[in-house]
Every structure is written in structure tokens, then in C-alpha cells.
>>> print(open('model32.json').read())   # JSON, C-alpha atoms
[["chain", "number", "residue", "atom", "x", "y", "z"],
["A", 1, "MET", "CA", 45.68, -60.90, 38.95],
["A", 2, "ILE", "CA", 42.99, -58.35, 39.84],
["A", 3, "LEU", "CA", 44.06, -56.06, 42.68],
["A", 4, "ASP", "CA", 41.68, -55.92, 45.62],
["A", 5, "GLY", "CA", 41.30, -53.64, 48.61],
["A", 6, "ASN", "CA", 44.20, -55.37, 50.38],
["A", 7, "PHE", "CA", 46.63, -53.99, 47.79],
["A", 8, "PHE", "CA", 45.51, -50.46, 48.70],
["A", 9, "HIS", "CA", 45.51, -51.11, 52.46],
["A", 10, "ARG", "CA", 49.02, -49.71, 52.78],
["A", 11, "ASP", "CA", 50.54, -46.25, 53.06],
["A", 12, "CYS", "CA", 50.12, -44.16, 49.92],
["A", 13, "LEU", "CA", 53.92, -43.86, 49.63],
["A", 14, "GLU", "CA", 54.03, -47.65, 49.14],
["A", 15, "VAL", "CA", 50.95, -47.97, 46.94],
["A", 16, "ALA", "CA", 51.76, -45.09, 44.55],
["A", 17, "PRO", "CA", 55.03, -46.56, 43.17],
["A", 18, "ASP", "CA", 53.56, -50.07, 43.18],
["A", 19, "LEU", "CA", 50.66, -48.94, 40.94],
["A", 20, "VAL", "CA", 53.06, -47.77, 38.22],
["A", 21, "GLY", "CA", 53.15, -50.52, 35.60],
["A", 22, "LYS", "CA", 49.78, -51.99, 36.60],
["A", 23, "LEU", "CA", 46.81, -51.98, 34.23],
["A", 24, "ILE", "CA", 43.64, -50.02, 34.78],
["A", 25, "VAL", "CA", 40.70, -51.68, 33.05],
["A", 26, "ARG", "CA", 37.43, -49.94, 32.26],
["A", 27, "LYS", "CA", 34.48, -51.96, 31.04],
["A", 28, "LEU", "CA", 32.10, -49.70, 29.13],
["A", 29, "ASP", "CA", 28.32, -50.15, 29.07],
["A", 30, "SER", "CA", 28.71, -51.44, 25.50],
["A", 31, "GLY", "CA", 30.83, -54.32, 26.81],
["A", 32, "GLU", "CA", 34.04, -52.93, 25.29],
["A", 33, "GLU", "CA", 37.05, -53.01, 27.59],
["A", 34, "ILE", "CA", 39.73, -50.35, 27.65],
["A", 35, "SER", "CA", 42.97, -51.46, 29.28],
["A", 36, "LEU", "CA", 45.74, -48.92, 29.90],
["A", 37, "ARG", "CA", 49.12, -49.27, 31.62],
["A", 38, "ILE", "CA", 49.65, -46.79, 34.46],
["A", 39, "THR", "CA", 52.81, -44.74, 33.95],
["A", 40, "GLU", "CA", 52.48, -42.08, 36.62],
["A", 41, "THR", "CA", 50.91, -41.66, 40.07],
["A", 42, "GLU", "CA", 51.03, -39.10, 42.87],
["A", 43, "ALA", "CA", 50.67, -39.67, 46.62],
["A", 44, "TYR", "CA", 48.62, -37.39, 48.88],
["A", 45, "ARG", "CA", 49.19, -38.11, 52.54],
["A", 46, "GLY", "CA", 47.12, -36.88, 55.43],
["A", 47, "THR", "CA", 45.97, -33.63, 56.95],
["A", 48, "GLU", "CA", 49.55, -32.36, 57.30],
["A", 49, "ASP", "CA", 50.11, -32.60, 53.50],
["A", 50, "LYS", "CA", 49.01, -29.15, 52.34],
["A", 51, "ALA", "CA", 48.35, -30.54, 48.83],
["A", 52, "CYS", "CA", 45.94, -33.20, 50.14],
["A", 53, "HIS", "CA", 42.26, -32.24, 50.15],
["A", 54, "ALA", "CA", 42.08, -33.40, 53.79],
["A", 55, "SER", "CA", 44.43, -30.57, 54.82],
["A", 56, "LYS", "CA", 41.45, -28.19, 54.60],
["A", 57, "GLY", "CA", 39.55, -30.22, 57.19],
["A", 58, "ARG", "CA", 36.83, -32.80, 57.20],
["A", 59, "THR", "CA", 34.01, -31.79, 54.85],
["A", 60, "PRO", "CA", 31.36, -33.65, 52.84],
["A", 61, "ARG", "CA", 33.83, -33.61, 49.91],
["A", 62, "THR", "CA", 36.79, -34.94, 51.91],
["A", 63, "GLU", "CA", 34.88, -37.46, 54.01],
["A", 64, "ILE", "CA", 35.70, -40.18, 51.48],
["A", 65, "LEU", "CA", 39.43, -39.75, 52.23],
["A", 66, "TYR", "CA", 38.82, -40.93, 55.79],
["A", 67, "GLY", "CA", 37.17, -44.13, 54.64],
["A", 68, "GLU", "CA", 38.19, -47.62, 53.72],
["A", 69, "SER", "CA", 41.17, -48.30, 51.47],
["A", 70, "GLY", "CA", 40.27, -49.36, 47.94],
["A", 71, "ILE", "CA", 37.54, -46.74, 47.52],
["A", 72, "ILE", "CA", 37.63, -44.72, 44.29],
["A", 73, "TYR", "CA", 37.67, -40.95, 44.84],
["A", 74, "VAL", "CA", 36.62, -38.92, 41.80],
["A", 75, "TYR", "CA", 36.35, -35.14, 41.94],
["A", 76, "LEU", "CA", 35.94, -32.24, 39.56],
["A", 77, "CYS", "CA", 39.04, -30.08, 39.06],
["A", 78, "TYR", "CA", 38.67, -26.46, 37.88],
["A", 79, "GLY", "CA", 34.99, -27.20, 37.39],
["A", 80, "ILE", "CA", 35.64, -29.11, 34.14],
["A", 81, "HIS", "CA", 37.97, -32.13, 34.56],
["A", 82, "TRP", "CA", 37.29, -35.33, 36.48],
["A", 83, "LEU", "CA", 40.33, -36.69, 38.34],
["A", 84, "MET", "CA", 40.55, -40.15, 39.88],
["A", 85, "ASN", "CA", 42.26, -41.32, 43.05],
["A", 86, "VAL", "CA", 42.12, -44.49, 45.10],
["A", 87, "ILE", "CA", 42.00, -44.27, 48.90],
["A", 88, "THR", "CA", 44.88, -46.01, 50.69],
["A", 89, "GLY", "CA", 46.00, -46.80, 54.22],
["A", 90, "GLU", "CA", 43.99, -47.05, 57.40],
["A", 91, "LYS", "CA", 40.50, -45.71, 58.04],
["A", 92, "GLU", "CA", 40.48, -42.25, 59.63],
["A", 93, "GLN", "CA", 43.97, -41.51, 58.22],
["A", 94, "PRO", "CA", 43.13, -39.63, 55.01],
["A", 95, "GLN", "CA", 45.36, -40.43, 52.07],
["A", 96, "GLY", "CA", 45.16, -41.54, 48.51],
["A", 97, "VAL", "CA", 46.88, -41.99, 45.18],
["A", 98, "LEU", "CA", 46.06, -39.95, 42.08],
["A", 99, "ILE", "CA", 46.25, -41.90, 38.81],
["A", 100, "ARG", "CA", 48.11, -39.23, 36.85],
["A", 101, "ALA", "CA", 48.93, -40.84, 33.50],
["A", 102, "CYS", "CA", 48.86, -44.01, 31.41],
["A", 103, "GLU", "CA", 50.65, -44.96, 28.22],
["A", 104, "ASN", "CA", 49.55, -42.54, 25.47],
["A", 105, "PHE", "CA", 47.44, -40.52, 27.93],
["A", 106, "GLU", "CA", 49.47, -37.90, 29.75],
["A", 107, "GLY", "CA", 47.57, -36.02, 32.39],
["A", 108, "PRO", "CA", 44.83, -37.15, 34.76],
["A", 109, "ALA", "CA", 42.02, -35.35, 32.92],
["A", 110, "LYS", "CA", 42.86, -36.94, 29.54],
["A", 111, "LEU", "CA", 42.97, -40.30, 31.27],
["A", 112, "THR", "CA", 39.53, -40.02, 32.87],
["A", 113, "LYS", "CA", 38.10, -38.73, 29.60],
["A", 114, "LYS", "CA", 39.49, -41.73, 27.68],
["A", 115, "LEU", "CA", 38.18, -44.13, 30.34],
["A", 116, "GLN", "CA", 34.82, -42.31, 30.55],
["A", 117, "ILE", "CA", 35.17, -41.86, 34.30],
["A", 118, "ASP", "CA", 32.89, -39.35, 35.98],
["A", 119, "LYS", "CA", 31.32, -38.72, 39.38],
["A", 120, "SER", "CA", 29.30, -41.95, 39.15],
["A", 121, "PHE", "CA", 32.53, -43.79, 40.08],
["A", 122, "ASN", "CA", 33.02, -41.75, 43.26],
["A", 123, "ASN", "CA", 32.80, -43.81, 46.45],
["A", 124, "GLN", "CA", 32.81, -47.15, 44.56],
["A", 125, "HIS", "CA", 35.06, -49.89, 45.92],
["A", 126, "VAL", "CA", 37.58, -51.67, 43.70],
["A", 127, "ASP", "CA", 36.57, -55.05, 45.16],
["A", 128, "GLY", "CA", 34.13, -56.73, 42.80],
["A", 129, "ASN", "CA", 33.88, -53.63, 40.63],
["A", 130, "GLU", "CA", 33.04, -54.79, 37.12],
["A", 131, "ARG", "CA", 33.19, -51.31, 35.56],
["A", 132, "LEU", "CA", 36.68, -50.33, 36.77],
["A", 133, "TYR", "CA", 39.49, -52.43, 38.21],
["A", 134, "PHE", "CA", 43.26, -52.75, 38.41],
["A", 135, "VAL", "CA", 45.33, -55.70, 37.20],
["A", 136, "ASP", "CA", 48.86, -56.86, 37.96],
["A", 137, "ASP", "CA", 50.13, -58.72, 34.90],
["A", 138, "GLY", "CA", 53.66, -59.00, 36.27],
["A", 139, "PHE", "CA", 55.15, -56.02, 34.41],
["A", 140, "LYS", "CA", 57.57, -54.08, 36.65],
["A", 141, "PRO", "CA", 59.05, -50.89, 35.21],
["A", 142, "ARG", "CA", 61.93, -48.97, 36.74],
["A", 143, "ILE", "CA", 60.50, -46.08, 38.77],
["A", 144, "ARG", "CA", 61.76, -42.54, 39.11],
["A", 145, "THR", "CA", 60.43, -39.92, 41.50],
["A", 146, "ASP", "CA", 59.74, -36.25, 40.95],
["A", 147, "LYS", "CA", 57.82, -33.43, 42.57],
["A", 148, "ARG", "CA", 54.05, -33.42, 42.25],
["A", 149, "VAL", "CA", 52.45, -31.30, 39.54],
["A", 150, "GLY", "CA", 50.16, -28.26, 39.89],
["A", 151, "ILE", "CA", 50.28, -27.87, 43.65],
["A", 152, "ASP", "CA", 52.25, -24.65, 44.15],
["A", 153, "TYR", "CA", 49.38, -23.45, 46.36],
["A", 154, "ALA", "CA", 50.53, -25.98, 48.99],
["A", 155, "GLY", "CA", 53.78, -24.11, 49.61],
["A", 156, "GLU", "CA", 57.36, -24.88, 48.67],
["A", 157, "GLU", "CA", 57.87, -27.66, 51.24],
["A", 158, "TRP", "CA", 54.90, -29.70, 50.03],
["A", 159, "ALA", "CA", 55.27, -28.88, 46.34],
["A", 160, "ALA", "CA", 58.87, -30.13, 46.42],
["A", 161, "LYS", "CA", 58.09, -33.54, 47.97],
["A", 162, "PRO", "CA", 59.18, -36.31, 45.55],
["A", 163, "TRP", "CA", 55.79, -37.98, 45.75],
["A", 164, "ARG", "CA", 55.19, -38.37, 42.02],
["A", 165, "PHE", "CA", 56.16, -41.81, 40.75],
["A", 166, "CYS", "CA", 56.84, -42.33, 37.05],
["A", 167, "ALA", "CA", 57.85, -45.23, 34.84],
["A", 168, "ALA", "CA", 61.47, -44.51, 33.89],
["A", 169, "GLU", "CA", 62.19, -44.53, 30.17]]
>>> encode(input="model32.json", output="C-alpha cells")
Amino acid sequence: MILDGNFFHRDCLEVAPDLVGKLIVRKLDSGEEISLRITETEAYRGTEDKACHASKGRTPRTEILYGESGIIYVYLCYGIHWLMNVITGEKEQPQGVLIRACENFEGPAKLTKKLQIDKSFNNQHVDGNERLYFVDDGFKPRIRTDKRVGIDYAGEEWAAKPWRFCAAE
């Protein structure tokens, strides 16, 4: 079953673990489809979360976080890597889920490179998206939590939050 905006219209702390085990499907311009199983996600929750882009205030870059759930948020990290999130929750309550890893592709930058995801996907909705969509094929892995990666700048309290969700081995 293809996941629609309703799946993402929940708090990021519900969506992030539920995305682990789902498939992300990318249809290339050539017609080839790449289907990868999500093994790791991270939740970013609101202006109070010092690791969330919205914590710096409402800007042209962060405006997308305040929008409708099910919107794809792609941004450039360190000026070289595209990272992909999906907006969750209610409008005007900025939050989202970073797709951090899939089977055989550890790290969000390797994942977007494999799926050929760039800024052209930013602000696209998952509903009816033929180039990129998520599928629930019924697979349900055990989930473990851990602290998020690469956010020491957010301070110890926020860096230590167990908001990374991983398929347990």
C-alpha cells in the first residue's frame, strides 16, 4: 500500500518509528525503479528542539517545516550533501522525519545519492508523487532507539534525546 499524506499527519515521534521497515521507491526518468527498505530515521520536533531547523526561527528555508504534512523537505548539508525529510504533524507546528538510512545505504547523503534526490524534490507532496513515494508491504522490524547523529551543536539535552529509530538486528 502506498503511504499518503494521512500517514504523515501525526507527530514525528509516531511517524519516525513507523517509517522504519517501509520501502522508499524512486522512479528515475529512465523508467527504472529503485526500491529500498528504510532502516533508520530521526525525528525533529518543533521550535524548542535545538536540532530542528525551525529552532532558528521562521525563514525562507524553514518555511516548509510549517506546512502541510506529507511534504518532502530536501536541503543541502555542508554545502555538498542533499538530505531528505518528510514533514509531519499539524500545519504551523514545525516538525519532520529525516530518512537516515536504508538497507545497504548507511547515512542520509549516501541514500539521496543512490536515489538521485536533489533540490528538485523539495516542497513536493508524497500524495500522487510518481517520482518518489513510500510503500508499506507489511514488513515490521523490531525497533531500537538511540540518540540522533551529528547534532552536538544543539546541546547535550537535545543531542541525547532517543529520537533516532533503527531496525534492530
>>> closest_residue(input="model32.json", among="A:Leu111, A:Cys52, A:Met84, A:Met1", to="Arg148 (chain A)", atoms="all atoms listed in the file")
A:Cys52
>>> closest_residue(input="model32.json", among="A:Asp118, A:Glu169, A:Glu48, A:Glu68", to="His81 (chain A)", atoms="only C-alpha atoms")
A:Asp118
>>> residues_near_point(input="model32.json", point="(51.9, -59.2, 36.8)", cutoff="9 Å", atoms="only C-alpha atoms", output="list in words")
Met1, Gly21, Lys22, Val135, Asp136, Asp137, Gly138, Phe139 and Lys140 of chain A
>>> residues_around(input="model32.json", residues="Glu90 (chain A)", least_positions_apart="4", cutoff="9 Å", atoms="all atoms listed in the file", output="ChimeraX atom specification")
/A:9-11,66-69,94-95
>>> axis_aligned_box(input="model32.json", around="region 136-150 of chain A", padding_each_side="5 Å", output="lines of an AutoDock Vina configuration file")
center_x = 55.4
center_y = -43.6
center_z = 38.5
size_x = 23.1
size_y = 40.7
size_z = 18.2
>>> decode(input="model32.json", residues="region 7-120 of chain A", atoms="C-alpha atoms", output="compact mmCIF listing (two decimals), in the first residue's frame")
# COMPACT_ATOMS: atom_id res chain seq x y z
CA PHE A 7 0.28 8.58 7.30
CA PHE A 8 2.48 11.62 7.94
CA HIS A 9 -0.30 13.65 9.60
CA ARG A 10 0.84 12.53 13.04
CA ASP A 11 3.52 13.61 15.49
CA CYS A 12 7.05 12.96 14.24
CA LEU A 13 7.69 10.72 17.27
CA GLU A 14 4.97 8.39 15.95
CA VAL A 15 5.85 8.64 12.25
CA ALA A 16 9.62 8.15 12.62
CA PRO A 17 9.48 4.62 14.13
CA ASP A 18 6.58 3.67 11.86
CA LEU A 19 8.65 4.53 8.75
CA VAL A 20 11.36 2.03 9.71
CA GLY A 21 10.75 -1.09 7.63
CA LYS A 22 8.77 0.74 4.93
CA LEU A 23 10.02 0.99 1.35
CA ILE A 24 11.06 4.19 -0.34
CA VAL A 25 10.59 3.95 -4.09
CA ARG A 26 12.26 6.26 -6.60
CA LYS A 27 11.21 6.16 -10.23
CA LEU A 28 14.02 7.51 -12.39
CA ASP A 29 13.46 9.45 -15.63
CA SER A 30 14.60 6.31 -17.49
CA GLY A 31 11.64 4.41 -16.01
CA GLU A 32 13.86 2.31 -13.73
CA GLU A 33 12.59 1.96 -10.18
CA ILE A 34 14.84 1.81 -7.15
CA SER A 35 13.17 0.38 -4.05
CA LEU A 36 15.00 0.47 -0.71
CA ARG A 37 13.88 -0.60 2.77
CA ILE A 38 14.19 2.15 5.38
CA THR A 39 16.32 1.05 8.33
CA GLU A 40 16.83 4.30 10.22
CA THR A 41 15.00 7.60 10.78
CA GLU A 42 15.37 10.61 13.06
CA ALA A 43 12.64 12.88 14.45
CA TYR A 44 12.99 16.67 14.62
CA ARG A 45 10.25 18.27 16.66
CA GLY A 46 9.38 21.93 16.80
CA THR A 47 10.99 25.23 17.63
CA GLU A 48 12.01 24.02 21.10
CA ASP A 49 14.13 21.19 19.60
CA LYS A 50 17.51 22.87 19.21
CA ALA A 51 18.46 20.33 16.50
CA CYS A 52 15.41 21.19 14.37
CA HIS A 53 15.95 23.83 11.69
CA ALA A 54 12.83 25.63 12.98
CA SER A 55 14.61 26.37 16.28
CA LYS A 56 16.46 29.19 14.49
CA GLY A 57 13.18 30.87 13.60
CA ARG A 58 10.95 31.13 10.60
CA THR A 59 12.99 31.82 7.46
CA PRO A 60 12.56 31.13 3.75
CA ARG A 61 14.50 27.87 4.30
CA THR A 62 12.42 26.73 7.28
CA GLU A 63 9.03 27.85 5.99
CA ILE A 64 8.42 24.38 4.55
CA LEU A 65 8.54 22.91 8.08
CA TYR A 66 5.43 24.89 8.99
CA GLY A 67 3.46 23.48 6.08
CA GLU A 68 1.29 20.50 5.37
CA SER A 69 2.28 17.00 6.46
CA GLY A 70 3.49 14.76 3.66
CA ILE A 71 5.67 17.44 2.05
CA ILE A 72 9.23 16.40 1.15
CA TYR A 73 11.91 18.67 2.63
CA VAL A 74 15.29 18.42 0.90
CA TYR A 75 18.20 20.61 1.93
CA LEU A 76 21.92 20.86 1.32
CA CYS A 77 24.13 19.85 4.25
CA TYR A 78 27.70 21.18 4.50
CA GLY A 79 27.19 22.64 1.04
CA ILE A 80 27.65 19.23 -0.63
CA HIS A 81 25.13 16.59 0.52
CA TRP A 82 21.38 16.54 -0.08
CA LEU A 83 19.37 15.23 2.89
CA MET A 84 15.70 14.28 2.75
CA ASN A 85 12.96 14.68 5.35
CA VAL A 86 9.19 14.41 5.27
CA ILE A 87 7.08 16.99 7.12
CA THR A 88 4.79 15.54 9.80
CA GLY A 89 2.11 16.69 12.20
CA GLU A 90 -0.12 19.74 12.07
CA LYS A 91 0.36 22.86 9.98
CA GLU A 92 2.17 25.66 11.83
CA GLN A 93 3.82 23.12 14.18
CA PRO A 94 7.19 22.56 12.50
CA GLN A 95 8.45 19.00 12.60
CA GLY A 96 9.69 16.31 10.33
CA VAL A 97 11.43 12.99 9.94
CA LEU A 98 14.87 12.57 8.37
CA ILE A 99 15.28 9.40 6.30
CA ARG A 100 18.71 8.46 7.67
CA ALA A 101 19.47 5.04 6.17
CA CYS A 102 18.19 2.13 4.10
CA GLU A 103 19.46 -1.40 3.67
CA ASN A 104 22.97 -1.24 2.17
CA PHE A 105 22.98 2.57 2.30
CA GLU A 106 24.10 3.89 5.67
CA GLY A 107 23.90 7.63 6.02
CA PRO A 108 21.42 10.12 4.63
CA ALA A 109 23.79 11.53 1.99
CA LYS A 110 24.60 8.10 0.51
CA LEU A 111 20.88 7.39 0.41
CA THR A 112 19.94 10.54 -1.51
CA LYS A 113 22.84 9.98 -3.88
CA LYS A 114 21.68 6.42 -4.64
CA LEU A 115 18.09 7.61 -5.14
CA GLN A 116 19.22 10.64 -7.19
CA ILE A 117 17.35 13.02 -4.91
CA ASP A 118 18.21 16.70 -5.15
CA LYS A 119 16.58 20.08 -4.53
CA SER A 120 14.02 19.44 -7.30
